[in-house]
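Engineer: So that we are looking at the same thing, I have put the structure below in structure tokens.
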Amino acid sequence: VADGWSTNHFTVRAASVRGYAHRYQGIPREDDFATAITDTGALVVAVADGVSGATQSHVGATIACRTAVDFLLHNKIDWADLARCASWALVEYASRGLPNPDPTVAERTLATTLVVALIQPDGHATIVQLGDSGAWLLRDRKYENLVRGKHGDVIPNDVTALPRVPPEVVEHTTTLTPQDVLLIATDGFGDPLGDGTGQVGSLFADHLTTPPAPLGLAHLLDFSRETYDDDRTLVAIWRRP
């Protein structure tokens with residue numbers, strides 16, 4: 001999946017590709033993303049990575065992304081409520097045909113990570129992470145990890161993915177300038193990126209100085225690196241001067 005567009009305030013490029021393992025096995029891509037613009041011109045981004053052990057995690061990723069974006073378009077900002085709504089959407093879908101809603105069925109079939117970002121026209125960005133998908137600020141060829149993750153603070157063991165909801169939903173904030181690139185991505189991108197000092201970091205720093213063509217980002221995301229064969233999803237945001 002590849003997409004790209006601009007508003008008066010932002011330029012967006014997004015792509016999601018199947019990893020080599022899923023191509024070889026002939027199974028669906030378990031990542032998904034969704035983007036939208038609010039009435040005030042703010043940008044909403046959701047990226048999800050379905051948990052491999054869940055039987056329909058690709059469906060869960062889609063439901064989580066669409067629910068999160070729809071929530072921010074039509075409700076007052078409440079990140080804890082957003083997490084609960086995304087969780088309930090998974091439970092409700094998984095429980096169709098059952099006498100009662102069953103969160104265990106949702107976890108077994110639709111479990112997914114989710115990271116959501118809301119970027120205001122002035123560049124102020126708020127990011128919420130549920131699971132291990134992540135967000136980075138690319139500035140002067142260096143990557144700042146904006147949320148907890150494998151290459152930052154440790155994620156608590158008791159909350160790994162929806163439909164589980166953490167007792168506290170933590171907001172992470174940053175300011176996006178016209179010289180920066182905000183990256184929202186699954187760990188299929190984040191793991192090979194590491195701390196950004198290797199070949200993958202250099203590759204994206206070279207090619208994201210200006211927005212590439214939408215298919216260009218998909219091609220860039222389809223890099224080959226040994227042992228990194230997971231699905232990859234990346235949404236890149238530039239603030240227009």
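Ordered as shown in the structure tokens, chains take letters A, B, and onward, while each chain numbers its residues from 1 and ligands are numbered from 1 in the order shown.
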Write out, as CSV, each residue of stretch 39-140 of chain A that has an atom at most 12 Å from stretch 27-31 of chain A, together with the closest pair of atoms and their distance in Å to one decimal, counting only C-alpha atoms, rows going by chain and rising number.

Structural biologist:
residue,atom,partner,partner_atom,distance
A:Ala46,CA,A:Asp31,CA,10.9
A:Val47,CA,A:Asp31,CA,7.6
A:Ala48,CA,A:Asp31,CA,5.6
A:Asp49,CA,A:Asp31,CA,4.4
A:Gly50,CA,A:Glu30,CA,4.9
A:Val51,CA,A:Glu30,CA,7.6
A:Ser52,CA,A:Glu30,CA,7.5
A:Gly53,CA,A:Glu30,CA,10.8
A:Ala54,CA,A:Glu30,CA,9.9
A:Thr55,CA,A:Glu30,CA,10.2
A:Gln56,CA,A:Glu30,CA,8.4
A:Ser57,CA,A:Glu30,CA,6.0
A:His58,CA,A:Glu30,CA,4.1
A:Val59,CA,A:Glu30,CA,7.8
A:Gly60,CA,A:Glu30,CA,8.6
A:Ala61,CA,A:Asp31,CA,6.1
A:Thr62,CA,A:Asp31,CA,7.8
A:Ile63,CA,A:Asp31,CA,11.1
A:Ala64,CA,A:Asp31,CA,10.7
A:Cys65,CA,A:Asp31,CA,9.8
A:Leu110,CA,A:Glu30,CA,10.2
A:Ala111,CA,A:Glu30,CA,10.5
A:Thr112,CA,A:Glu30,CA,8.8
A:Thr113,CA,A:Asp31,CA,9.3
A:Leu114,CA,A:Asp31,CA,9.9
A:Val115,CA,A:Asp31,CA,11.7
A:Ser133,CA,A:Asp31,CA,10.2

Engineer: Could you find all residues in stretch 6-39 of chain A that DSSP calls strand (DSSP E) from the backbone, and write them as number ranges by chain?

Structural biologist: A: 6, 10-17, 31-37

Engineer: Please report the interatomic distance between atom CA of A:Asp206 and atom CA of A:Leu138 in Å with one decimal.

Structural biologist: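 Atom-to-atom, atom CA of A:Asp206 to atom CA of A:Leu138, that is 11.0 Å.
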
Engineer: Env of A:Trp136: 12 Å cut, atoms = only C-alpha atoms, seq-sep filter 2 positions within chain, self excluded. Answer as a PDB file with C-alpha atoms, in the first residue's frame.

Structural biologist:
ATOM      1  CA  VAL A 115       0.725   4.094  17.673  1.00  0.00           C
ATOM      2  CA  ALA A 117      -0.062  10.792  16.361  1.00  0.00           C
ATOM      3  CA  ALA A 125       2.781  16.714  17.913  1.00  0.00           C
ATOM      4  CA  ILE A 127       2.039  10.642  20.163  1.00  0.00           C
ATOM      5  CA  SER A 133       5.411   0.240  17.210  1.00  0.00           C
ATOM      6  CA  GLY A 134       7.274   3.523  17.363  1.00  0.00           C
ATOM      7  CA  LEU A 138      14.697  12.784  11.943  1.00  0.00           C
ATOM      8  CA  ARG A 139      16.688  15.985  12.420  1.00  0.00           C
ATOM      9  CA  ARG A 141      20.495  13.089   9.972  1.00  0.00           C
ATOM     10  CA  LYS A 142      19.983  11.912  13.561  1.00  0.00           C
ATOM     11  CA  TYR A 143      17.004   9.920  14.847  1.00  0.00           C
ATOM     12  CA  GLU A 144      15.365  10.845  18.138  1.00  0.00           C
ATOM     13  CA  ASN A 145      13.254   8.024  19.557  1.00  0.00           C
ATOM     14  CA  LEU A 146      10.063   9.751  20.696  1.00  0.00           C
ATOM     15  CA  VAL A 147       8.318   6.880  22.489  1.00  0.00           C
ATOM     16  CA  ARG A 148       9.184   3.867  24.581  1.00  0.00           C
ATOM     17  CA  GLY A 149      10.511   1.010  22.513  1.00  0.00           C
ATOM     18  CA  HIS A 151      15.819   0.976  21.536  1.00  0.00           C
ATOM     19  CA  GLY A 152      14.577   3.283  24.287  1.00  0.00           C
ATOM     20  CA  HIS A 172       4.744  11.908  24.225  1.00  0.00           C
ATOM     21  CA  THR A 173       5.200  15.346  22.660  1.00  0.00           C
ATOM     22  CA  THR A 174       7.571  16.999  20.236  1.00  0.00           C
ATOM     23  CA  THR A 175       7.641  19.952  17.855  1.00  0.00           C
ATOM     24  CA  LEU A 176       8.033  19.355  14.134  1.00  0.00           C
ATOM     25  CA  ASP A 180      12.460  17.793  10.384  1.00  0.00           C
ATOM     26  CA  VAL A 181      10.768  14.573   9.328  1.00  0.00           C
ATOM     27  CA  LEU A 182       8.404  12.792  11.710  1.00  0.00           C
ATOM     28  CA  LEU A 183       8.419   9.008  11.249  1.00  0.00           C
ATOM     29  CA  ILE A 184       5.640   6.758  12.564  1.00  0.00           C
ATOM     30  CA  ALA A 185       6.376   3.096  11.940  1.00  0.00           C
ATOM     31  CA  THR A 186       6.086  -0.542  12.954  1.00  0.00           C
ATOM     32  CA  ASP A 187       9.023  -2.497  14.325  1.00  0.00           C
ATOM     33  CA  PHE A 189      11.183  -0.592  10.193  1.00  0.00           C
ATOM     34  CA  GLY A 190      12.271   0.245  13.734  1.00  0.00           C
ATOM     35  CA  LEU A 193      16.824   1.147  11.997  1.00  0.00           C
ATOM     36  CA  GLY A 194      18.171   0.590  15.513  1.00  0.00           C
ATOM     37  CA  ASP A 195      19.703   3.784  16.838  1.00  0.00           C
ATOM     38  CA  GLY A 196      19.890   5.224  13.322  1.00  0.00           C
ATOM     39  CA  GLY A 201      19.535   5.063   9.054  1.00  0.00           C
ATOM     40  CA  LEU A 234       6.170   3.811   7.621  1.00  0.00           C
ATOM     41  CA  VAL A 235       4.340   7.140   7.581  1.00  0.00           C
ATOM     42  CA  ALA A 236       6.673  10.122   7.030  1.00  0.00           C
ATOM     43  CA  ILE A 237       5.486  13.691   7.691  1.00  0.00           C
TER      44      ILE A 237
END
